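What's in run_19.cif: mmCIF, C-alpha atoms
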data_upload
loop_
_atom_site.label_atom_id
_atom_site.label_comp_id
_atom_site.auth_asym_id
_atom_site.auth_seq_id
_atom_site.Cartn_x
_atom_site.Cartn_y
_atom_site.Cartn_z
CA MET E 158 -59.15 7.08 30.51
CA VAL E 159 -55.45 7.49 29.75
CA ASP E 160 -54.90 7.25 26.02
CA GLN E 161 -51.97 4.87 25.90
CA HIS E 162 -51.58 5.28 22.15
CA LYS E 163 -50.91 8.99 22.42
CA ALA E 164 -48.10 8.59 24.95
CA PRO E 165 -46.99 5.02 24.36
CA ASP E 166 -44.38 5.01 27.12
CA GLY E 167 -46.39 7.17 29.48
CA ARG E 168 -44.00 10.04 28.70
CA TRP E 169 -45.26 13.56 28.26
CA VAL E 170 -43.79 16.94 27.46
CA GLU E 171 -44.90 19.71 29.79
CA LEU E 172 -44.85 23.13 28.12
CA SER E 173 -45.18 26.21 30.27
CA VAL E 174 -45.00 29.92 29.67
CA ALA E 175 -45.23 32.86 32.09
CA VAL E 176 -47.50 35.61 30.81
CA ASP E 177 -49.11 38.89 31.82
CA SER E 178 -52.70 38.54 32.95
CA GLU E 179 -53.80 40.31 29.74
CA ALA E 180 -52.29 37.56 27.61
CA VAL E 181 -53.73 34.58 29.50
CA GLU E 182 -56.78 34.06 27.25
CA PRO E 183 -55.01 34.17 23.87
CA VAL E 184 -52.05 32.12 25.09
CA SER E 185 -54.42 29.52 26.59
CA GLU E 186 -56.29 29.38 23.31
CA LEU E 187 -53.08 28.92 21.33
CA MET E 188 -51.78 26.17 23.60
CA SER E 189 -55.10 24.34 23.83
CA ARG E 190 -55.22 24.17 20.04
CA HIS E 191 -52.15 21.94 20.07
CA ALA E 192 -52.34 20.39 23.55
CA TYR E 193 -53.42 16.88 24.38
CA GLY E 194 -57.21 16.77 24.72
CA GLN E 195 -57.37 20.59 24.18
CA GLY E 196 -56.64 20.98 27.88
CA VAL E 197 -54.59 23.69 29.58
CA ALA E 198 -53.86 24.48 33.21
CA VAL E 199 -53.58 28.10 34.32
CA TYR E 200 -51.57 28.80 37.46
CA GLU E 201 -52.06 32.19 39.05
CA GLN E 202 -49.76 33.31 41.83
CA TYR E 203 -51.42 33.63 45.21
CA GLN E 204 -50.75 35.63 48.29
CA GLN E 205 -51.62 34.29 51.69
CA ASP E 206 -51.48 35.45 55.28
CA PRO E 207 -48.58 33.97 57.25
CA ASP E 208 -51.04 31.74 59.16
CA GLY E 209 -52.29 30.27 55.88
CA ASP E 210 -55.59 32.16 55.75
CA ASN E 211 -56.97 34.48 53.08
CA LEU E 212 -55.53 32.86 50.00
CA ALA E 213 -56.14 35.27 47.10
CA PRO E 214 -54.78 35.76 43.57
CA ASP E 215 -51.92 38.22 43.24
CA PRO E 216 -52.60 40.13 40.01
CA THR E 217 -49.18 41.79 40.05
CA ARG E 218 -47.32 38.55 39.37
CA PRO E 219 -47.24 36.64 36.09
CA VAL E 220 -49.58 33.74 35.36
CA THR E 221 -48.22 30.44 34.07
CA VAL E 222 -50.09 28.63 31.32
CA VAL E 223 -49.26 24.93 31.05
CA ALA E 224 -50.11 22.38 28.37
CA TYR E 225 -49.02 18.80 27.72
CA LEU E 226 -48.10 16.91 24.60
CA PRO E 227 -47.58 13.18 24.40
CA LEU E 228 -43.95 12.46 23.50
CA ASN E 229 -44.19 11.06 19.98
CA GLN E 230 -43.21 11.89 16.40
CA GLU E 231 -45.55 14.91 16.25
CA THR E 232 -44.25 16.59 19.39
CA GLU E 233 -41.56 18.80 17.82
CA GLN E 234 -43.86 20.09 15.09
CA LYS E 235 -46.48 21.09 17.65
CA VAL E 236 -43.92 22.77 19.91
CA GLY E 237 -42.75 24.74 16.87
CA ARG E 238 -46.29 25.91 16.13
CA ILE E 239 -46.81 27.02 19.73
CA GLU E 240 -43.49 28.91 19.72
CA GLU E 241 -44.43 30.65 16.50
CA GLY E 242 -47.87 31.52 17.89
CA LEU E 243 -46.33 32.96 21.06
CA TRP E 244 -44.03 35.13 18.95
CA HIS E 245 -47.11 36.61 17.24
CA LEU E 246 -48.84 37.25 20.56
CA ARG E 247 -45.96 39.11 22.20
CA TYR E 248 -47.39 42.49 21.18
CA LEU E 249 -50.20 41.88 23.69
CA GLY E 250 -48.02 42.00 26.73
CA GLU E 251 -45.21 40.28 28.55
CA ILE E 252 -44.96 36.69 27.34
CA GLY E 253 -41.95 34.70 28.52
CA GLU E 254 -40.02 31.96 26.77
CA LEU E 255 -41.66 28.59 26.30
CA GLU E 256 -40.18 26.16 28.80
CA ARG E 257 -40.32 22.42 28.42
CA ALA E 258 -39.81 19.48 30.72
CA GLU E 259 -40.35 15.78 30.33
CA ARG E 260 -42.91 14.33 32.74
CA PRO E 261 -43.47 10.60 33.19
CA GLU E 262 -47.01 9.55 34.12
CA GLU E 263 -45.83 8.07 37.43
CA ASP E 264 -45.11 11.62 38.58
CA TRP E 265 -48.77 12.27 39.18
CA ALA E 266 -50.47 8.86 38.96
CA ASN E 267 -49.43 7.89 42.48
CA ALA E 268 -49.10 11.28 44.18
CA TRP E 269 -52.60 11.25 45.69
CA LYS E 270 -52.09 7.86 47.37
CA GLU E 271 -50.33 9.43 50.31
CA HIS E 272 -53.68 10.95 51.35
CA PHE E 273 -55.87 7.90 50.80
CA GLN E 274 -56.64 6.48 54.24
CA VAL E 275 -58.49 3.43 55.56
CA LEU E 276 -62.20 4.19 55.26
CA ARG E 277 -65.20 2.65 56.97
CA ILE E 278 -68.49 2.73 55.04
CA GLY E 279 -71.88 1.55 56.28
CA GLU E 280 -72.08 -1.13 58.97
CA ARG E 281 -69.41 -3.51 57.80
CA PHE E 282 -67.34 -2.31 54.85
CA VAL E 283 -63.77 -1.19 55.38
CA ILE E 284 -61.79 0.07 52.39
CA ARG E 285 -58.10 -0.55 52.98
CA PRO E 286 -55.66 1.02 50.53
CA THR E 287 -53.12 -1.69 49.79
CA TRP E 288 -50.31 0.46 51.19
CA ARG E 289 -52.01 0.96 54.60
CA GLU E 290 -52.20 -1.32 57.62
CA TYR E 291 -55.54 -2.30 59.13
CA GLU E 292 -56.38 -4.84 61.83
CA PRO E 293 -59.91 -6.13 61.10
CA VAL E 294 -62.45 -6.60 63.88
CA ALA E 295 -65.22 -9.22 63.91
CA GLY E 296 -67.84 -8.60 61.23
CA ASP E 297 -65.66 -6.35 59.07
CA LEU E 298 -65.81 -6.84 55.33
CA VAL E 299 -62.42 -5.54 54.22
CA ILE E 300 -61.88 -4.48 50.61
CA ASP E 301 -58.18 -4.19 49.73
CA LEU E 302 -57.92 -1.56 47.04
CA ASP E 303 -55.45 0.11 44.71
CA PRO E 304 -57.72 1.98 42.29
CA GLY E 305 -54.83 3.16 40.10
CA MET E 306 -56.36 5.31 37.38
CA ALA E 307 -59.82 3.74 37.79
CA PHE E 308 -62.82 5.27 39.56
CA GLY E 309 -63.89 3.81 42.86
CA THR E 310 -61.93 4.63 46.00
CA GLY E 311 -65.02 4.63 48.21
CA HIS E 312 -64.45 8.32 48.96
CA HIS E 313 -67.06 9.50 46.49
CA PRO E 314 -70.72 9.82 47.58
CA THR E 315 -71.86 7.77 44.56
CA THR E 316 -69.81 4.76 45.68
CA GLU E 317 -70.75 5.20 49.32
CA LEU E 318 -74.47 5.28 48.44
CA CYS E 319 -74.06 1.97 46.57
CA LEU E 320 -72.08 0.24 49.33
CA ARG E 321 -74.56 1.26 52.01
CA TRP E 322 -77.48 0.08 49.89
CA MET E 323 -75.80 -3.22 49.06
CA GLU E 324 -75.76 -3.98 52.78
CA GLU E 325 -79.57 -3.80 52.76
CA VAL E 326 -80.75 -5.39 49.52
CA PRO E 327 -80.54 -9.16 49.03
CA VAL E 328 -77.09 -9.97 47.65
CA ALA E 329 -76.27 -13.34 49.25
CA GLY E 330 -76.72 -16.17 46.76
CA LYS E 331 -77.60 -13.73 43.96
CA ARG E 332 -76.13 -13.28 40.49
CA VAL E 333 -74.82 -9.71 40.24
CA LEU E 334 -73.89 -7.55 37.23
CA ASP E 335 -71.65 -4.51 37.83
CA VAL E 336 -71.75 -2.16 34.81
CA GLY E 337 -68.88 0.35 34.75
CA ALA E 338 -66.98 -1.56 37.41
CA GLY E 339 -63.97 0.81 37.58
CA SER E 340 -61.65 -0.26 40.38
CA GLY E 341 -63.94 -3.23 41.13
CA ILE E 342 -64.92 -1.96 44.57
CA LEU E 343 -68.61 -2.84 44.15
CA SER E 344 -67.90 -6.23 42.54
CA ILE E 345 -65.64 -7.15 45.45
CA ALA E 346 -68.26 -5.88 47.91
CA ALA E 347 -70.87 -8.14 46.28
CA ILE E 348 -68.65 -11.21 46.68
CA LEU E 349 -67.93 -10.30 50.31
CA LEU E 350 -71.72 -10.19 50.79
CA ASP E 351 -71.83 -13.79 49.52
CA ALA E 352 -73.14 -13.15 46.01
CA GLN E 353 -73.23 -16.37 44.03
CA SER E 354 -71.33 -14.76 41.13
CA VAL E 355 -70.46 -11.33 39.74
CA HIS E 356 -70.08 -10.18 36.15
CA ALA E 357 -68.02 -6.96 36.01
CA VAL E 358 -68.15 -4.88 32.82
CA GLU E 359 -65.68 -2.08 32.11
CA ILE E 360 -65.15 -0.07 28.91
CA ASP E 361 -61.68 1.25 29.69
CA GLU E 362 -58.62 -0.99 29.37
CA VAL E 363 -56.62 0.93 31.96
CA ALA E 364 -59.42 0.69 34.52
CA ALA E 365 -59.93 -2.99 33.67
CA ARG E 366 -56.30 -3.66 34.54
CA ALA E 367 -56.80 -2.13 37.99
CA LEU E 368 -60.07 -4.06 38.29
CA ARG E 369 -58.41 -7.43 37.65
CA GLU E 370 -55.56 -6.64 40.02
CA ASN E 371 -58.00 -5.69 42.78
CA LEU E 372 -60.05 -8.84 42.25
CA ASP E 373 -56.91 -10.96 42.57
CA MET E 374 -55.68 -9.02 45.58
CA ASN E 375 -58.99 -9.74 47.33
CA ARG E 376 -58.83 -13.39 46.21
CA VAL E 377 -62.22 -13.13 44.47
CA GLY E 378 -60.95 -13.34 40.89
CA GLU E 379 -62.44 -16.80 40.38
CA SER E 380 -65.96 -15.66 41.29
CA VAL E 381 -65.96 -12.59 39.05
CA LEU E 382 -66.23 -12.68 35.28
CA VAL E 383 -64.63 -9.56 33.74
CA SER E 384 -65.72 -8.23 30.34
CA VAL E 385 -63.94 -5.30 28.73
CA GLY E 386 -65.92 -3.45 26.09
CA ASP E 387 -68.73 -1.06 25.28
CA PHE E 388 -71.81 -2.41 27.05
CA SER E 389 -74.10 -0.66 24.54
CA LYS E 390 -72.67 -3.01 21.89
CA THR E 391 -71.99 -6.15 23.89
CA GLY E 392 -74.90 -6.26 26.35
CA THR E 393 -74.89 -9.51 28.31
CA GLY E 394 -75.76 -11.81 25.44
CA GLY E 395 -79.20 -12.55 26.90
CA GLU E 396 -77.89 -13.32 30.40
CA ARG E 397 -80.05 -11.82 33.20
CA TYR E 398 -79.16 -11.03 36.78
CA ASP E 399 -80.81 -10.77 40.20
CA LEU E 400 -79.05 -7.50 40.98
CA VAL E 401 -77.65 -5.06 38.42
CA ILE E 402 -75.50 -2.20 39.72
CA ALA E 403 -74.42 0.75 37.57
CA ASN E 404 -72.50 3.59 39.20
CA ILE E 405 -71.47 5.70 36.20
CA ILE E 406 -72.76 9.18 35.20
CA SER E 407 -76.20 10.17 33.99
CA SER E 408 -75.35 10.56 30.28
CA VAL E 409 -73.81 7.08 30.17
CA LEU E 410 -76.62 5.53 32.22
CA THR E 411 -79.12 7.01 29.79
CA ARG E 412 -77.15 5.73 26.80
CA LEU E 413 -76.94 2.23 28.32
CA ALA E 414 -80.50 2.15 29.66
CA THR E 415 -81.78 -0.50 27.24
CA PRO E 416 -79.05 -3.12 27.74
CA ILE E 417 -78.96 -2.40 31.49
CA CYS E 418 -82.70 -2.98 31.86
CA GLU E 419 -82.60 -6.06 29.63
CA ALA E 420 -80.07 -7.54 32.03
CA VAL E 421 -82.39 -7.27 35.04
CA ASP E 422 -84.20 -10.53 35.81
CA ASP E 423 -88.02 -10.42 36.07
CA ARG E 424 -87.80 -10.36 39.86
CA GLY E 425 -84.45 -8.65 39.99
CA GLN E 426 -83.37 -5.24 41.21
CA LEU E 427 -81.43 -2.41 39.63
CA LEU E 428 -79.25 -0.02 41.63
CA LEU E 429 -78.28 3.15 39.76
CA SER E 430 -75.84 5.77 41.02
CA GLY E 431 -73.72 8.66 39.69
CA VAL E 432 -76.54 11.12 39.02
CA ILE E 433 -76.74 14.70 40.28
CA GLU E 434 -80.04 16.25 41.27
CA GLN E 435 -80.14 18.32 38.09
CA HIS E 436 -80.24 15.19 35.89
CA ILE E 437 -82.39 12.90 38.02
CA ASP E 438 -85.71 13.58 36.23
CA GLN E 439 -84.21 12.65 32.90
CA VAL E 440 -82.63 9.44 34.21
CA ARG E 441 -85.83 8.46 36.04
CA ALA E 442 -87.90 9.04 32.89
CA THR E 443 -85.51 7.03 30.71
CA PHE E 444 -85.53 3.99 32.98
CA THR E 445 -89.27 4.20 33.57
CA ALA E 446 -89.78 4.15 29.80
CA GLU E 447 -87.69 0.94 29.76
CA GLY E 448 -90.29 -0.75 31.95
CA MET E 449 -88.74 -0.15 35.38
CA LYS E 450 -90.27 1.46 38.45
CA VAL E 451 -88.40 3.38 41.13
CA ILE E 452 -88.66 1.78 44.57
CA GLU E 453 -86.61 4.34 46.46
CA GLU E 454 -84.19 7.22 45.95
CA ARG E 455 -81.44 8.23 48.34
CA GLN E 456 -79.35 11.35 48.32
CA GLN E 457 -75.91 12.35 49.63
CA GLY E 458 -74.97 15.95 48.90
CA ASP E 459 -76.54 16.49 45.49
CA TRP E 460 -75.78 12.95 44.33
CA ILE E 461 -78.74 10.61 44.02
CA ALA E 462 -78.87 6.81 43.82
CA MET E 463 -82.04 4.90 43.02
CA LEU E 464 -83.27 1.35 43.44
CA LEU E 465 -85.59 0.07 40.72
CA GLU E 466 -87.53 -3.06 39.92
CA ARG E 467 -89.20 -4.31 36.79
CA ASN E 468 -92.81 -3.16 36.41
CA ALA E 469 -95.14 -6.09 37.01
CA MET V 44 -64.62 26.92 60.89
CA ALA V 45 -63.98 27.08 57.17
CA LYS V 46 -61.74 24.36 55.78
CA LYS V 47 -58.21 25.50 55.05
CA ILE V 48 -57.47 25.91 51.35
CA ARG V 49 -54.40 24.26 49.88
CA ALA V 50 -54.65 25.44 46.27
CA TYR V 51 -56.78 26.89 43.53
CA ILE V 52 -56.33 25.22 40.16
CA LYS V 53 -57.68 26.59 36.90
CA LEU V 54 -58.18 24.21 34.01
CA GLN V 55 -59.73 24.55 30.58
CA ILE V 56 -61.02 21.20 29.43
CA PRO V 57 -63.76 19.97 27.08
CA ALA V 58 -67.09 19.45 28.88
CA GLY V 59 -67.92 15.88 29.81
CA LYS V 60 -64.55 14.53 28.70
CA ALA V 61 -62.30 14.75 31.75
CA THR V 62 -59.80 11.91 31.98
CA PRO V 63 -56.82 11.31 34.30
CA ALA V 64 -54.50 12.24 31.41
CA PRO V 65 -52.81 15.69 31.32
CA PRO V 66 -53.48 18.38 32.15
CA ILE V 67 -55.89 17.06 34.83
CA GLY V 68 -53.66 14.28 36.16
CA PRO V 69 -50.56 16.37 36.85
CA ALA V 70 -52.53 19.43 38.05
CA LEU V 71 -54.55 17.52 40.64
CA GLY V 72 -52.14 14.70 41.43
CA GLN V 73 -49.52 17.09 42.78
CA HIS V 74 -52.05 18.32 45.36
CA GLY V 75 -53.11 14.85 46.43
CA VAL V 76 -56.60 14.91 44.90
CA ALA V 77 -58.09 11.56 43.83
CA ILE V 78 -58.04 12.35 40.10
CA MET V 79 -60.86 10.06 39.03
CA ASN V 80 -63.23 11.53 41.60
CA PHE V 81 -62.76 14.93 39.98
CA CYS V 82 -63.22 13.45 36.49
CA LYS V 83 -66.52 11.85 37.47
CA GLU V 84 -67.80 15.05 39.09
CA TYR V 85 -66.75 17.26 36.19
CA ASN V 86 -68.20 14.93 33.53
CA GLU V 87 -71.53 14.61 35.34
CA ARG V 88 -71.83 18.33 36.02
CA THR V 89 -70.82 19.52 32.54
CA ALA V 90 -72.73 16.91 30.54
CA ASP V 91 -75.17 19.55 29.29
CA MET V 92 -72.33 21.64 27.82
CA ALA V 93 -70.91 18.89 25.59
CA GLY V 94 -68.85 20.21 22.69
CA GLN V 95 -67.62 23.29 24.57
CA VAL V 96 -64.37 23.89 26.40
CA VAL V 97 -65.39 24.80 29.93
CA PRO V 98 -62.98 26.56 32.28
CA VAL V 99 -63.14 25.27 35.82
CA VAL V 100 -61.64 26.60 39.05
CA ILE V 101 -60.96 23.83 41.54
CA THR V 102 -60.47 24.60 45.22
CA VAL V 103 -58.38 21.94 46.94
CA PHE V 104 -58.58 21.85 50.75
CA GLU V 105 -55.90 20.71 53.16
CA ASP V 106 -57.73 17.38 53.66
CA ARG V 107 -57.48 16.91 49.86
CA SER V 108 -61.21 17.22 49.35
CA PHE V 109 -62.19 19.63 46.60
CA THR V 110 -64.98 21.71 45.15
CA PHE V 111 -65.13 23.41 41.79
CA ILE V 112 -67.04 26.02 39.85
CA THR V 113 -67.32 26.34 36.10
CA LYS V 114 -66.72 29.67 34.39
CA THR V 115 -67.82 31.36 31.18
CA PRO V 116 -66.50 29.65 28.02
CA PRO V 117 -63.07 30.83 26.83
CA ALA V 118 -63.07 33.89 24.57
CA ALA V 119 -61.90 31.71 21.68
CA GLU V 120 -65.05 29.61 21.96
CA MET V 121 -67.23 32.73 21.82
CA ILE V 122 -65.24 34.14 18.91
CA ARG V 123 -65.68 30.91 16.95
CA GLN V 124 -69.44 31.10 17.56
CA ALA V 125 -69.61 34.78 16.60
CA ALA V 126 -67.62 34.16 13.41
CA GLY V 127 -69.59 30.99 12.62
CA ILE V 128 -66.46 28.87 12.28
CA ASP V 129 -65.43 25.52 13.78
CA LYS V 130 -61.77 26.28 14.35
CA GLY V 131 -59.14 28.95 14.06
CA ALA V 132 -56.59 29.22 11.25
CA THR V 133 -53.75 26.70 11.25
CA ASN V 134 -51.34 29.35 10.01
CA VAL V 135 -52.38 32.85 11.07
CA LYS V 136 -49.80 34.48 8.79
CA THR V 137 -51.33 33.16 5.59
CA GLU V 138 -54.91 32.24 6.45
CA THR V 139 -58.02 34.10 7.56
CA ALA V 140 -60.40 31.83 9.41
CA GLY V 141 -63.32 34.28 9.47
CA GLN V 142 -64.32 37.69 10.73
CA VAL V 143 -66.14 39.36 13.62
CA SER V 144 -67.38 42.90 14.08
CA ARG V 145 -66.15 45.31 16.73
CA ASP V 146 -69.66 45.19 18.26
CA GLN V 147 -69.35 41.41 18.60
CA ILE V 148 -65.95 41.89 20.26
CA ARG V 149 -67.60 44.27 22.75
CA GLU V 150 -70.41 41.77 23.46
CA ILE V 151 -67.89 39.00 24.14
CA ALA V 152 -65.79 41.33 26.30
CA GLU V 153 -68.87 42.23 28.36
CA ALA V 154 -69.76 38.57 28.85
CA LYS V 155 -66.18 37.72 29.83
CA MET V 156 -65.64 40.69 32.17
CA PRO V 157 -66.31 38.71 35.40
CA ASP V 158 -63.67 36.12 34.54
CA ILE V 159 -60.78 38.03 33.01
CA ASN V 160 -58.26 40.40 34.46
CA ALA V 161 -59.21 43.71 32.87
CA VAL V 162 -59.79 47.02 34.62
CA ASP V 163 -62.32 48.29 32.08
CA ILE V 164 -64.24 47.18 29.02
CA GLU V 165 -61.62 48.65 26.66
CA GLY V 166 -58.93 46.51 28.31
CA ALA V 167 -61.16 43.45 28.02
CA MET V 168 -61.84 44.22 24.35
CA LEU V 169 -58.13 44.43 23.71
CA GLN V 170 -57.67 40.95 25.12
CA ILE V 171 -60.55 39.55 23.05
CA GLU V 172 -59.15 41.21 19.91
CA GLY V 173 -55.76 39.67 20.62
CA THR V 174 -57.34 36.24 20.95
CA ALA V 175 -59.28 36.75 17.70
CA ARG V 176 -56.11 37.74 15.82
CA SER V 177 -54.21 34.77 17.25
CA MET V 178 -56.91 32.55 15.72
CA GLY V 179 -56.70 34.21 12.31
CA VAL V 180 -60.07 35.93 12.79
CA LYS V 181 -60.26 39.38 11.25
CA ILE V 182 -61.91 42.27 13.08
CA VAL V 183 -64.07 44.58 10.95
CA ASP V 184 -65.79 47.83 11.84
#
Could you render the structure as structure tokens?
Amino acid sequence: MVDQHKAPDGRWVELSVAVDSEAVEPVSELMSRHAYGQGVAVYEQYQQDPDGDNLAPDPTRPVTVVAYLPLNQETEQKVGRIEEGLWHLRYLGEIGELERAERPEEDWANAWKEHFQVLRIGERFVIRPTWREYEPVAGDLVIDLDPGMAFGTGHHPTTELCLRWMEEVPVAGKRVLDVGAGSGILSIAAILLDAQSVHAVEIDEVAARALRENLDMNRVGESVLVSVGDFSKTGTGGERYDLVIANIISSVLTRLATPICEAVDDRGQLLLSGVIEQHIDQVRATFTAEGMKVIEERQQGDWIAMLLERNA
Amino acid sequence: MAKKIRAYIKLQIPAGKATPAPPIGPALGQHGVAIMNFCKEYNERTADMAGQVVPVVITVFEDRSFTFITKTPPAAEMIRQAAGIDKGATNVKTETAGQVSRDQIREIAEAKMPDINAVDIEGAMLQIEGTARSMGVKIVD
């Protein structure tokens, strides 16, 4: 989730400093204390064979520590504190001057798109990035997608598990709830599978913007109700669904277990995804305690999705 | 055949709280990685370490797929725990945030040895001491 309030214009200051390997830890600590979200990136120099093999760190060359500050009224004060801190740390080893550059969000937000290709998933789904050409063949269900800064490109096993399963469970004519809709990929998939209606819930405003744009791009906006908010507080207001899908992460699924289960109709189904093997017992136990029973679990890599129904 | 590596990226970010904002967005975006896919993976895999900053080394392959491994917590995190404090001093010239013993410094240095560039334990201790001082944490014998 990009915090729009911290960098209102999407403008950031990138601060970088070249340091000896001995000074990496303390300099990282100093910069993370003032950086956005306490995050720092550490760039070591690498050496590589001419053919591109055997990439390995080169300990003889300096390491660059990078941190980011949103460009706002506090920026200069924080830069000053970092500069002062670096001055104190210079007895530890070679620490260069603090360099700064302004970086707009667009610099990185779109960079990965170049590598996002048309993707076929399951029997019928084709994910077409909006900037790629694709000529559909009979039976294709094409999802046009620009995920922006929302999750759901189709390239992640958790999404693939859901899409493949949606081809098998009854979706046509059903009322579907998509909790943590992200880019909207699963909501759109449900409509393409002839769901009667879809309710897409998303907590993050930035993701919700991408969600709405994708719904419109696929001309399914009228069949999908979008709610933006924390599902643990909003729930569905008593509304129940034939199929509830939640592809999030285990900690959030666990937190939302009660409202998610309340939203499943007596004869409905629940499709959960976004859980690694290590957390599956806990998620299974939480949803079982909410009166659900696991019908089947499927795994891709160490990611597990599960289909549940209400206990009779 | 092993996949060809495009880059290694080291980040220090709070467990379970990865977002596409900096430093993750710029670090991964420049190598063509789908940023949100990393965020989801990192948040799911570090959920049990909530409240800690967890260093992560991401290997990006030529096809823009990635894997990552998490490392030992930063020295600062361990120093804060050893000193029983929540944060370092705001102004290290005038404030002392807490204190740690030289034995505690050695313990931290031993734990950190696999992940820091030090030839011996004395070199590692020197780095840990430097981090402690930069946080306003006093070292006592």
For this session: Provide the CA of Pro116 (chain V) to CA of Pro98 (chain V) distance in Å, to one decimal place.
Result: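 Taking CA of Pro116 (chain V) and CA of Pro98 (chain V), their separation equals 6.3 Å.
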Mind running chain V against chain E at 8 Å and telling me each contacting residue's nearest atom pair with the distance in Å (one decimal), counting only C-alpha atoms, chain and number ascending, as CSV?
residue,atom,partner,partner_atom,distance
V:Lys47,CA,E:Asp210,CA,7.2
V:Ile48,CA,E:Leu212,CA,7.3
V:Ile52,CA,E:Tyr200,CA,6.5
V:Lys53,CA,E:Val199,CA,5.1
V:Leu54,CA,E:Ala198,CA,4.4
V:Gln55,CA,E:Val197,CA,5.3
V:Ile56,CA,E:Gly196,CA,4.7
V:Pro57,CA,E:Gln195,CA,7.0
V:Thr62,CA,E:Met158,CA,5.1
V:Pro63,CA,E:Val159,CA,6.1
V:Ala64,CA,E:Val159,CA,5.1
V:Pro65,CA,E:Tyr225,CA,6.1
V:Pro66,CA,E:Gly196,CA,5.9
V:Ile67,CA,E:Ala198,CA,7.9
V:Gly68,CA,E:Trp265,CA,6.1
V:Pro69,CA,E:Trp265,CA,5.0
V:Ala70,CA,E:Ala198,CA,7.1
V:Leu71,CA,E:Trp265,CA,7.9
V:Gly72,CA,E:Trp265,CA,4.7
V:Gln73,CA,E:Ala268,CA,6.0
V:His74,CA,E:Trp269,CA,7.1
V:Gly75,CA,E:Trp269,CA,3.7
V:Val76,CA,E:Trp269,CA,5.5
V:Ala77,CA,E:Trp269,CA,5.8
V:Ile78,CA,E:Met306,CA,7.7
V:Met79,CA,E:Phe308,CA,5.2
V:Asn80,CA,E:His313,CA,6.5
V:Lys83,CA,E:Ile406,CA,7.2
V:Asn86,CA,E:Ile406,CA,7.5
V:Glu87,CA,E:Ile406,CA,5.6
V:Arg88,CA,E:Ile433,CA,7.4
V:Ala90,CA,E:Ser408,CA,6.9
V:Asp106,CA,E:His272,CA,7.9
V:Arg107,CA,E:His272,CA,7.2
V:Pro117,CA,E:Glu182,CA,7.1
V:Ala118,CA,E:Glu182,CA,6.8
V:Ala119,CA,E:Glu186,CA,6.3
V:Asn160,CA,E:Ser178,CA,6.1
V:Ala161,CA,E:Glu179,CA,7.1
V:Gln170,CA,E:Glu179,CA,6.1
V:Ile171,CA,E:Pro183,CA,7.8
V:Gly173,CA,E:Pro183,CA,6.4
V:Thr174,CA,E:Pro183,CA,4.3
V:Ala175,CA,E:Pro183,CA,7.9
V:Ser177,CA,E:Pro183,CA,6.7
V:Met178,CA,E:Leu187,CA,7.7
Exercise. Smallest atom-to-atom distance to Gln274 (chain E): which of E:Leu368, E:Ala357, E:Leu302, E:Ala338, using only C-alpha atoms?
Worked result: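 Of E:Leu368, E:Ala357, E:Leu302, E:Ala338, the one nearest Gln274 (chain E) is E:Leu302, counting only C-alpha atoms.
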Problem set entry | Hits of the PyMOL selection byres ((chain E and resi 376) around 12) in this structure, as a count of residues only | 19
For this session: One decimal, Å: what's the distance from CA of Ile128 (chain V) over to CA of Gln142 (chain V), could you say?
Result: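 Here the two named atoms are 9.2 Å from each other.
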Taking every listed atom of region 138-145 of chain V and adding 5 Å to each side, what centre and edge lengths in Å (one decimal) does the axis-aligned box have, as JSON?
{"center_x": -61.1, "center_y": 38.6, "center_z": 11.6, "size_x": 22.5, "size_y": 23.5, "size_z": 20.3}
Residue contacts of Leu400 (chain E) (6 Å, all atoms listed in the file) excluding same-chain residues fewer than 6 positions away, as a PDB file with C-alpha atoms, keeping the file's coordinate frame:
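Output contents, as saved in around-v6.pdb:
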ATOM      1  CA  VAL E 333     -74.820  -9.710  40.240  1.00  0.00           C
ATOM      2  CA  GLY E 425     -84.450  -8.650  39.990  1.00  0.00           C
ATOM      3  CA  GLN E 426     -83.370  -5.240  41.210  1.00  0.00           C
ATOM      4  CA  LEU E 427     -81.430  -2.410  39.630  1.00  0.00           C
TER       5      LEU E 427
END
How about completing region 97-103 of chain V with N, CA and C atoms and giving it to me as a short mmCIF file (atom, residue, chain, number, x, y, z; two decimals), keeping the file's coordinate frame?
data_model
loop_
_atom_site.label_atom_id
_atom_site.label_comp_id
_atom_site.auth_asym_id
_atom_site.auth_seq_id
_atom_site.Cartn_x
_atom_site.Cartn_y
_atom_site.Cartn_z
N VAL V 97 -64.84 24.11 28.76
CA VAL V 97 -65.39 24.80 29.93
C VAL V 97 -64.28 25.03 30.97
N PRO V 98 -63.97 26.29 31.24
CA PRO V 98 -62.98 26.56 32.28
C PRO V 98 -63.54 26.21 33.65
N VAL V 99 -62.69 25.68 34.50
CA VAL V 99 -63.14 25.27 35.82
C VAL V 99 -62.09 25.71 36.85
N VAL V 100 -62.56 26.24 37.97
CA VAL V 100 -61.64 26.60 39.05
C VAL V 100 -61.88 25.63 40.20
N ILE V 101 -60.84 24.88 40.52
CA ILE V 101 -60.96 23.83 41.54
C ILE V 101 -60.31 24.34 42.82
N THR V 102 -61.04 24.26 43.92
CA THR V 102 -60.47 24.60 45.22
C THR V 102 -60.12 23.30 45.92
N VAL V 103 -58.83 23.15 46.23
CA VAL V 103 -58.38 21.94 46.94
C VAL V 103 -58.15 22.32 48.40
#
